[in-house]
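Pasted below: final16.txt, compact mmCIF, C-alpha atoms.
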```txt
# COMPACT_ATOMS: atom_id res chain seq x y z
CA MET A 9 39.41 74.36 -34.15
CA GLY A 10 36.27 75.95 -32.65
CA ASP A 11 33.98 74.54 -35.30
CA SER A 12 35.49 71.07 -34.93
CA GLY A 13 34.97 71.08 -31.14
CA GLN A 14 31.39 72.26 -31.52
CA GLU A 15 30.71 69.51 -34.07
CA GLN A 16 32.13 66.85 -31.76
CA SER A 17 29.98 68.14 -28.93
CA GLU A 18 26.85 67.99 -31.09
CA ASN A 19 27.67 64.43 -32.20
CA LYS A 20 28.16 63.41 -28.58
CA TRP A 21 24.76 64.75 -27.55
CA THR A 22 23.14 63.14 -30.59
CA LEU A 23 24.60 59.77 -29.55
CA ILE A 24 23.44 60.21 -25.95
CA ILE A 25 19.93 61.21 -27.03
CA GLY A 26 19.79 58.25 -29.44
CA ARG A 27 20.83 55.81 -26.74
CA LEU A 28 18.37 57.32 -24.30
CA PHE A 29 15.61 57.01 -26.85
CA LEU A 30 16.54 53.37 -27.44
CA VAL A 31 16.45 52.66 -23.70
CA LEU A 32 13.06 54.34 -23.38
CA LEU A 33 11.78 52.35 -26.35
CA VAL A 34 12.95 49.06 -24.81
CA ILE A 35 11.38 49.96 -21.46
CA SER A 36 8.16 50.88 -23.23
CA LEU A 37 8.11 47.58 -25.15
CA LEU A 38 8.82 45.56 -22.00
CA THR A 39 6.11 47.41 -20.10
CA SER A 40 3.65 46.83 -22.93
CA SER A 41 4.58 43.15 -23.08
CA VAL A 42 4.08 42.71 -19.35
CA MET A 43 0.76 44.49 -19.55
CA LEU A 44 -0.27 42.35 -22.53
CA VAL A 45 0.69 39.10 -20.81
CA SER A 46 -1.11 40.22 -17.67
CA TRP A 47 -4.21 41.05 -19.69
CA LEU A 48 -4.11 37.74 -21.57
CA ASN A 49 -3.77 35.82 -18.31
CA LYS A 50 -6.85 37.33 -16.74
CA PRO A 51 -9.44 34.51 -16.41
CA GLY A 52 -12.16 36.68 -17.92
CA ASN A 53 -10.30 37.14 -21.19
CA PHE A 54 -10.58 34.44 -23.89
CA PRO A 55 -12.73 32.17 -21.68
CA PHE A 56 -13.31 28.51 -22.50
CA LYS A 57 -16.79 27.84 -23.79
CA LYS A 58 -16.50 24.07 -23.99
CA VAL A 59 -14.68 21.26 -22.22
CA GLU A 60 -14.92 18.18 -24.44
CA LEU A 61 -14.24 14.64 -23.24
CA VAL A 62 -12.58 12.79 -26.11
CA ASN A 63 -13.34 9.24 -24.97
CA ARG A 64 -16.20 7.46 -23.19
CA LEU A 65 -15.81 6.65 -19.48
CA GLU A 66 -17.01 3.30 -18.15
CA ASN A 67 -16.74 3.75 -14.40
CA GLN A 68 -15.85 7.32 -13.52
CA GLU A 69 -18.90 9.33 -12.42
CA SER A 70 -19.40 12.18 -14.93
CA SER A 71 -20.77 14.48 -12.20
CA GLU A 72 -17.39 14.45 -10.42
CA LEU A 73 -15.64 15.27 -13.67
CA GLN A 74 -18.06 18.12 -14.37
CA ILE A 75 -17.24 19.80 -11.05
CA ILE A 76 -13.53 19.95 -11.87
CA ALA A 77 -14.24 20.94 -15.49
CA ALA A 78 -16.38 23.85 -14.25
CA ASN A 79 -13.29 25.33 -12.63
CA ALA A 80 -11.52 25.14 -15.98
CA LEU A 81 -14.37 27.04 -17.64
CA ASN A 82 -13.80 29.86 -15.16
CA GLY A 83 -10.29 30.25 -16.54
CA GLY A 84 -9.19 31.65 -19.87
CA PHE A 85 -7.31 30.15 -22.79
CA PHE A 86 -4.03 31.69 -21.62
CA SER A 87 -4.65 31.72 -17.89
CA LEU A 88 -5.45 28.00 -17.45
CA ASP A 89 -2.53 26.00 -16.04
CA VAL A 90 -2.85 22.70 -17.95
CA ASP A 91 -0.50 20.82 -15.61
CA GLU A 92 -2.46 21.93 -12.56
CA PHE A 93 -5.74 20.96 -14.21
CA ARG A 94 -4.34 17.53 -15.08
CA SER A 95 -3.07 17.12 -11.53
CA ASP A 96 -6.53 17.94 -10.15
CA LEU A 97 -8.11 15.25 -12.30
CA LEU A 98 -5.57 12.65 -11.19
CA SER A 99 -5.81 13.47 -7.49
CA GLN A 100 -9.58 13.97 -7.21
CA LEU A 101 -10.88 11.24 -9.51
CA PRO A 102 -9.76 7.82 -8.23
CA TRP A 103 -10.77 5.97 -11.41
CA VAL A 104 -8.40 8.10 -13.51
CA GLN A 105 -5.05 6.51 -14.36
CA SER A 106 -3.74 9.08 -16.84
CA VAL A 107 -4.96 12.32 -18.44
CA SER A 108 -4.17 14.21 -21.61
CA VAL A 109 -5.31 17.87 -21.82
CA ARG A 110 -5.08 20.02 -24.95
CA LYS A 111 -6.20 23.58 -25.67
CA VAL A 112 -7.86 24.26 -29.02
CA TRP A 113 -8.02 27.88 -30.13
CA PRO A 114 -9.98 29.91 -29.41
CA ASN A 115 -12.23 28.48 -26.66
CA LYS A 116 -12.16 24.69 -26.43
CA LEU A 117 -10.45 22.31 -24.02
CA LEU A 118 -10.02 18.66 -25.05
CA VAL A 119 -9.66 16.09 -22.24
CA GLU A 120 -8.75 12.43 -22.78
CA ILE A 121 -8.89 10.14 -19.74
CA ALA A 122 -7.59 6.60 -19.33
CA GLU A 123 -9.35 4.73 -16.52
CA TYR A 124 -7.93 2.00 -14.34
CA LYS A 125 -9.13 -1.42 -15.50
CA PRO A 126 -9.99 -3.44 -12.37
CA VAL A 127 -9.32 -7.16 -12.63
CA VAL A 128 -9.78 -8.26 -9.00
CA ARG A 129 -10.79 -6.94 -5.60
CA TRP A 130 -8.03 -6.24 -3.12
CA VAL A 131 -7.78 -6.10 0.66
CA SER A 132 -4.55 -5.62 2.57
CA ALA A 133 -3.34 -8.44 4.80
CA GLU A 134 -3.74 -6.15 7.81
CA ASP A 135 -7.35 -5.25 7.00
CA LEU A 136 -8.21 -8.84 6.17
CA LEU A 137 -6.95 -9.94 9.58
CA LYS A 138 -9.05 -7.30 11.35
CA THR A 139 -12.21 -7.82 9.34
CA ALA A 140 -12.32 -11.52 8.59
CA ARG A 141 -12.17 -12.89 12.14
CA GLY A 142 -15.36 -14.89 12.43
CA SER A 143 -16.61 -13.48 9.11
CA SER A 144 -16.92 -14.96 5.66
CA LEU A 145 -15.27 -13.39 2.64
CA ASN A 146 -18.67 -12.21 1.43
CA GLU A 147 -19.02 -10.02 4.52
CA ILE A 148 -15.87 -8.05 3.80
CA ASP A 149 -16.84 -4.65 2.41
CA ASN A 150 -13.74 -2.54 2.97
CA TYR A 151 -11.94 -3.88 -0.10
CA GLN A 152 -10.23 -1.86 -2.79
CA LEU A 153 -9.64 -2.68 -6.44
CA LEU A 154 -6.52 -3.85 -8.21
CA SER A 155 -5.77 -2.81 -11.79
CA GLN A 156 -4.30 -5.07 -14.44
CA GLU A 157 -0.94 -3.39 -13.75
CA GLY A 158 -1.15 -4.34 -10.08
CA ILE A 159 -1.98 -0.82 -8.86
CA ILE A 160 -4.27 -0.49 -5.82
CA PHE A 161 -6.98 2.16 -6.08
CA ALA A 162 -10.02 2.93 -3.97
CA PRO A 163 -12.92 4.58 -5.83
CA LYS A 164 -16.28 5.31 -4.27
CA LEU A 165 -18.49 2.65 -5.83
CA THR A 166 -22.10 3.01 -6.88
CA LYS A 167 -24.59 0.25 -5.97
CA MET A 168 -24.35 -1.07 -9.52
CA GLN A 169 -20.55 -1.13 -9.38
CA LYS A 170 -20.59 -2.92 -6.01
CA TYR A 171 -22.85 -5.58 -7.48
CA LYS A 172 -20.59 -5.88 -10.52
CA PHE A 173 -17.27 -6.10 -8.69
CA ASN A 174 -18.49 -8.34 -5.86
CA ASN A 175 -18.23 -11.22 -8.33
CA MET A 176 -14.52 -10.64 -8.81
CA ALA A 177 -11.93 -12.74 -7.03
CA LEU A 178 -10.47 -11.25 -3.84
CA LEU A 179 -6.70 -10.96 -3.53
CA SER A 180 -4.84 -10.05 -0.35
CA GLY A 181 -1.37 -9.42 0.93
CA PRO A 182 0.97 -6.67 2.12
CA LYS A 183 0.36 -3.51 0.10
CA VAL A 184 3.93 -3.45 -1.23
CA SER A 185 3.41 -6.95 -2.68
CA ALA A 186 0.28 -6.24 -4.74
CA LYS A 187 1.95 -6.76 -8.13
CA HIS A 188 3.63 -9.97 -6.97
CA VAL A 189 0.39 -11.34 -5.52
CA LEU A 190 -1.51 -10.56 -8.73
CA LYS A 191 1.10 -12.24 -10.91
CA LYS A 192 1.24 -15.35 -8.73
CA CYS A 193 -2.55 -15.67 -8.43
CA VAL A 194 -2.93 -15.42 -12.22
CA GLU A 195 -0.53 -18.35 -12.56
CA ILE A 196 -2.44 -20.31 -9.92
CA SER A 197 -5.76 -19.59 -11.63
CA LYS A 198 -4.48 -20.97 -14.94
CA ASP A 199 -3.35 -24.18 -13.25
CA LEU A 200 -6.66 -24.65 -11.41
CA LYS A 201 -8.62 -24.58 -14.66
CA GLN A 202 -7.38 -28.12 -15.27
CA ILE A 203 -9.75 -29.35 -12.53
CA ASP A 204 -12.45 -26.70 -13.12
CA LEU A 205 -11.71 -24.74 -9.96
CA ALA A 206 -11.95 -20.96 -9.75
CA ILE A 207 -10.44 -18.58 -7.20
CA LYS A 208 -12.63 -16.83 -4.65
CA HIS A 209 -9.73 -15.66 -2.52
CA CYS A 210 -6.00 -15.85 -3.18
CA GLY A 211 -3.25 -14.24 -1.19
CA MET A 212 -0.72 -14.30 1.58
CA ASN A 213 -0.76 -13.07 5.14
CA LYS A 214 1.74 -10.81 6.90
CA ARG A 215 4.00 -13.82 7.42
CA ARG A 216 3.94 -14.43 3.64
CA THR A 217 2.09 -17.76 3.95
CA TRP A 218 -0.27 -18.41 1.05
CA LYS A 219 -3.89 -19.51 1.27
CA LEU A 220 -6.57 -20.18 -1.36
CA SER A 221 -10.36 -20.32 -1.20
CA LEU A 222 -11.75 -22.01 -4.29
CA THR A 223 -15.08 -22.83 -5.87
CA GLN A 224 -16.36 -25.13 -8.60
CA ASN A 225 -19.52 -23.94 -10.35
CA MET A 226 -20.57 -22.37 -7.03
CA ASP A 227 -20.98 -25.89 -5.53
CA VAL A 228 -17.54 -26.41 -4.03
CA ASN A 229 -16.04 -24.40 -1.19
CA LEU A 230 -12.49 -25.61 -0.82
CA ASP A 231 -9.72 -24.02 1.27
CA ILE A 232 -6.09 -24.78 0.50
CA LYS A 233 -3.11 -23.87 2.64
CA LEU A 234 0.22 -23.42 0.89
CA GLY A 235 3.66 -22.61 2.23
CA LYS A 236 5.92 -19.63 1.65
CA GLU A 237 8.24 -20.94 -1.04
CA ASN A 238 7.69 -22.94 -4.25
CA ILE A 239 3.92 -22.88 -3.79
CA LEU A 240 3.17 -23.92 -7.38
CA GLN A 241 4.88 -27.31 -7.13
CA PRO A 242 2.67 -28.80 -4.37
CA LEU A 243 -0.40 -27.26 -6.02
CA GLU A 244 0.47 -28.96 -9.29
CA ALA A 245 0.77 -32.28 -7.41
CA PHE A 246 -2.71 -31.73 -5.91
CA ILE A 247 -4.12 -30.92 -9.35
CA GLU A 248 -2.52 -34.02 -10.86
CA VAL A 249 -4.16 -36.26 -8.23
CA PHE A 250 -7.64 -34.79 -8.75
CA SER A 251 -7.46 -34.53 -12.52
CA GLY A 252 -7.75 -38.30 -12.86
CA LYS A 253 -10.01 -40.93 -11.24
CA LEU A 254 -10.49 -38.83 -8.10
CA LYS A 255 -11.93 -35.81 -9.91
CA PRO A 256 -15.58 -36.73 -9.05
CA TYR A 257 -14.68 -36.64 -5.36
CA LEU A 258 -13.20 -33.14 -5.48
CA LYS A 259 -16.53 -31.62 -4.54
CA SER A 260 -16.33 -33.43 -1.21
CA VAL A 261 -12.96 -31.96 -0.25
CA GLU A 262 -13.41 -29.28 2.39
CA TYR A 263 -9.80 -28.46 3.18
CA ALA A 264 -6.33 -29.38 1.90
CA ASP A 265 -2.96 -28.66 3.48
CA LEU A 266 -0.20 -28.68 0.86
CA ARG A 267 2.65 -27.65 3.14
CA TYR A 268 4.07 -31.17 3.43
CA SER A 269 7.29 -32.05 1.61
CA ASN A 270 6.11 -35.48 0.47
CA GLY A 271 2.34 -35.12 0.00
CA PHE A 272 -0.69 -33.34 1.36
CA SER A 273 -3.48 -33.82 3.86
CA ILE A 274 -7.21 -33.56 3.15
CA LYS A 275 -10.32 -33.03 5.20
CA TRP A 276 -13.47 -34.53 3.64
CA ASN A 277 -16.98 -33.27 4.19
CA VAL A 278 -18.31 -36.83 4.57
CA ARG A 279 -15.21 -38.75 5.53
CA HIS A 280 -16.51 -42.26 6.27
CA GLU A 281 -18.80 -42.45 3.28
CA LEU A 282 -15.99 -41.43 0.97
CA GLN A 283 -13.56 -43.85 2.56
CA ASP A 284 -15.95 -46.72 1.91
CA THR A 285 -16.42 -45.54 -1.68
CA LEU A 286 -12.70 -45.31 -2.24
CA LYS A 287 -12.20 -48.82 -0.84
CA LYS A 288 -14.79 -50.23 -3.23
CA ASP A 289 -13.08 -48.46 -6.15
CA GLY A 290 -9.73 -49.88 -5.08
CA THR A 291 -8.24 -46.42 -4.64
CA ASN A 292 -5.15 -46.13 -2.43
CA LYS A 293 -6.25 -45.09 1.08
CA SER A 294 -2.90 -43.45 1.73
CA LEU A 295 -4.21 -40.37 -0.07
CA ILE A 296 -6.40 -39.69 2.94
CA LYS A 297 -4.72 -38.44 6.10
```
Final C-alpha cells representation of the file:
Amino acid sequence: MGDSGQEQSENKWTLIIGRLFLVLLVISLLTSSVMLVSWLNKPGNFPFKKVELVNRLENQESSELQIIAANALNGGFFSLDVDEFRSDLLSQLPWVQSVSVRKVWPNKLLVEIAEYKPVVRWVSAEDLLKTARGSSLNEIDNYQLLSQEGIIFAPKLTKMQKYKFNNMALLSGPKVSAKHVLKKCVEISKDLKQIDLAIKHCGMNKRRTWKLSLTQNMDVNLDIKLGKENILQPLEAFIEVFSGKLKPYLKSVEYADLRYSNGFSIKWNVRHELQDTLKKDGTNKSLIK
C-alpha cells in the first residue's frame, strides 16, 4: 500500500512538472515570436533599396511621386503598410486614378499607376456663373478636368499642360451631373459633325437649361440655347436645316434659340445683307425671325 501511494504521488508530480514545462515552453515561444515580429517590423530592418514604377506616366509630375516614394524607402519590407502607401498615392497625387503596389523580396517595391485620362475641361455651374459674367470662355482659368468616366479631378497643371488642355472643350453643370453632362455632350458633338461644327462650351446651368457655344474651323462663333427636356430633337431640326442649301450661311449665324416647339429663331451677324441674298436664292424667309 505504501509503495503504491508513493508511486502515485511521484506520477502526479511528474505530470505537474510536465505541464508546467509545456506552459513555460509555450510562453517562451510566444515571447520569441512577438520579439521576432517586432524586430522584423522595425523600419531599419530589411529596408527597401528600390521603388520601381512599372509603367510610364504621361501627366503626373515624377517629383511629387518621388517624395511619397522616399517615405516608403524609410520603411522596411515587413514594416511598410501597403494599403497606407497606396492611400497616400491616391490622396496626394490628383492625376492618379488607381494604384497597384507589390513587394518583391528582399528589397524592391513595384508600383503601377493608372492615370486619369482627361477628355474635356470642366467648370461647375456655380463657378461658371461667378466667373463668366462679362468674361469670355477663354478668360476662365479656374476649370478642372473631366475623365472619360465622368470623374472630376483638379490637378496642378504645368504651363505645358495648361497650353495642351486649353484646346479642349469646356463642359459645365452641377457637380453631381458631371457624368450625365459628358454623355449628353458627346451625343451632341456627334450630331454637330454633320454640319462641321465643334463644341467650345457645352453644359447646363443650375436651372438645368442647356446652352452651347460652337465653332467651325475657328471662324464661326455660334451660341445656341436649348431647353431642359428633349434637347436633341430641336438640335437635329437645326442641323437638318443647315445641312442643305443654307449650309454656306451658317458662318453668319451669331445666335440661335431652339426652345420653340415649332421652330427656332436666329440672329444673323449681317441681317439685311443675308435677307437680300436669301430672297434672290428664293429661300423661304420664314426661317428668319
- Query: Suppose you want the space between atom CA of A:Ser71 and atom CA of A:Ser108; what is it in Å?
  - Reply: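 Separation of atom CA of A:Ser71 and atom CA of A:Ser108: 19.1 Å.
The residues that lie within 10 Å of the point (2.1, -16.1, 6.4), counting all atoms listed in the file, are Ala133, Gly181, Gly211, Met212, Asn213, Lys214, Arg215, Arg216, Thr217, Trp218, Lys219, Leu234, Gly235 and Lys236 of chain A.
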- Shell around A:Asn225 at 10 Å using all atoms listed in the file, local window under 4 positions removed, as a list in words: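 What passes the distance filter is Asp204, Leu205, Ala206 and Asn229 of chain A.
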- Pairwise distance for atom CA of A:Leu266 and atom CA of A:Ser132, rounded to one decimal in Å: 23.5 Å
- Message: Would you pick out the contacts of A:Phe56 at 8 Å or less, using only C-alpha atoms, so that residues sharing its chain but fewer than 5 positions from it are not included, and give the list as a list in words?
- Response: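 After dropping sequence-adjacent residues, the list is Ala80, Leu81, Asn82, Gly83, Gly84, Phe85, Pro114, Asn115, Lys116 and Leu117 of chain A.
Distances to A:Ile203 were evaluated for A:Pro163, A:Pro102, A:Pro55, A:Pro256 using all atoms listed in the file, and the minimum falls at A:Pro256.
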- Work out how far atom CA of A:Leu73 is from atom CA of A:Lys164, in Å to one decimal. 13.7 Å
- Measuring atom to atom with all atoms listed in the file, identify which of A:Leu61, A:Val128, A:Leu154, A:Leu101 is nearest to A:Ile76. A:Leu101
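Across A:Lys183, A:Lys259, A:Lys201, A:Lys57, the tightest approach to A:Trp130 is made by A:Lys183 when counting all atoms listed in the file.
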- Task: Kindly indicate which residue among A:Glu72, A:Glu262, A:Asp231, A:Asp199 lies nearest to A:Glu244, using all atoms listed in the file for the distances.
- Result: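 Looking at the shortest contact to A:Glu244, the residue is A:Asp199.
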- Message: From the options A:Arg129, A:Arg110, A:Lys255, A:Arg267, which residue's atoms come nearest to A:Ala186, counting only C-alpha atoms?
- Response: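 Distance minimum relative to A:Ala186 lands on A:Arg129.
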- Query: Which residues, written as a ChimeraX atom specification, have at least one atom at most 10 Å from A:Phe173, with only C-alpha atoms counted and residues fewer than 4 positions away on the same chain left out?
  - Reply: /A:126-129,153,165,168-169,177-178
Any chance you can output those residues with C-alpha atoms as a PDB file, keeping the file's coordinate frame?
```
ATOM      1  CA  PRO A 126      -9.990  -3.440 -12.370  1.00  0.00           C
ATOM      2  CA  VAL A 127      -9.320  -7.160 -12.630  1.00  0.00           C
ATOM      3  CA  VAL A 128      -9.780  -8.260  -9.000  1.00  0.00           C
ATOM      4  CA  ARG A 129     -10.790  -6.940  -5.600  1.00  0.00           C
ATOM      5  CA  LEU A 153      -9.640  -2.680  -6.440  1.00  0.00           C
ATOM      6  CA  LEU A 165     -18.490   2.650  -5.830  1.00  0.00           C
ATOM      7  CA  MET A 168     -24.350  -1.070  -9.520  1.00  0.00           C
ATOM      8  CA  GLN A 169     -20.550  -1.130  -9.380  1.00  0.00           C
ATOM      9  CA  ALA A 177     -11.930 -12.740  -7.030  1.00  0.00           C
ATOM     10  CA  LEU A 178     -10.470 -11.250  -3.840  1.00  0.00           C
TER      11      LEU A 178
END
```
What's around A:Phe246 at 9 Å? Count all atoms listed in the file, leave out sequence neighbours fewer than 6 positions away in its own chain, and write the answer as a tab-separated table (two decimals) with C-alpha atoms, in the coordinates of the input.
```tsv
chain	number	residue	atom	x	y	z
A	264	ALA	CA	-6.33	-29.38	1.90
A	266	LEU	CA	-0.20	-28.68	0.86
A	271	GLY	CA	2.34	-35.12	0.00
A	272	PHE	CA	-0.69	-33.34	1.36
```
- Between A:Lys198, A:Arg27, A:Lys58, A:Lys192, which is the closest to A:Trp113 once you count only C-alpha atoms?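 Looking only at the distances to A:Trp113, the closest residue turns out to be A:Lys58.
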- Can you list, as a ChimeraX atom specification, every protein, DNA or RNA residue that comes within 10 Å of A:Glu66 when you count all atoms listed in the file, leaving out same-chain residues fewer than 5 positions away? /A:103,123-125
Please report, as lines of an AutoDock Vina configuration file, the centre and edge lengths in Å to one decimal of an axis-aligned box covering all listed atoms of stretch 59-66 of chain A with 6 Å per side.
```
center_x = -14.8
center_y = 12.3
center_z = -22.1
size_x = 16.4
size_y = 30.0
size_z = 20.0
```
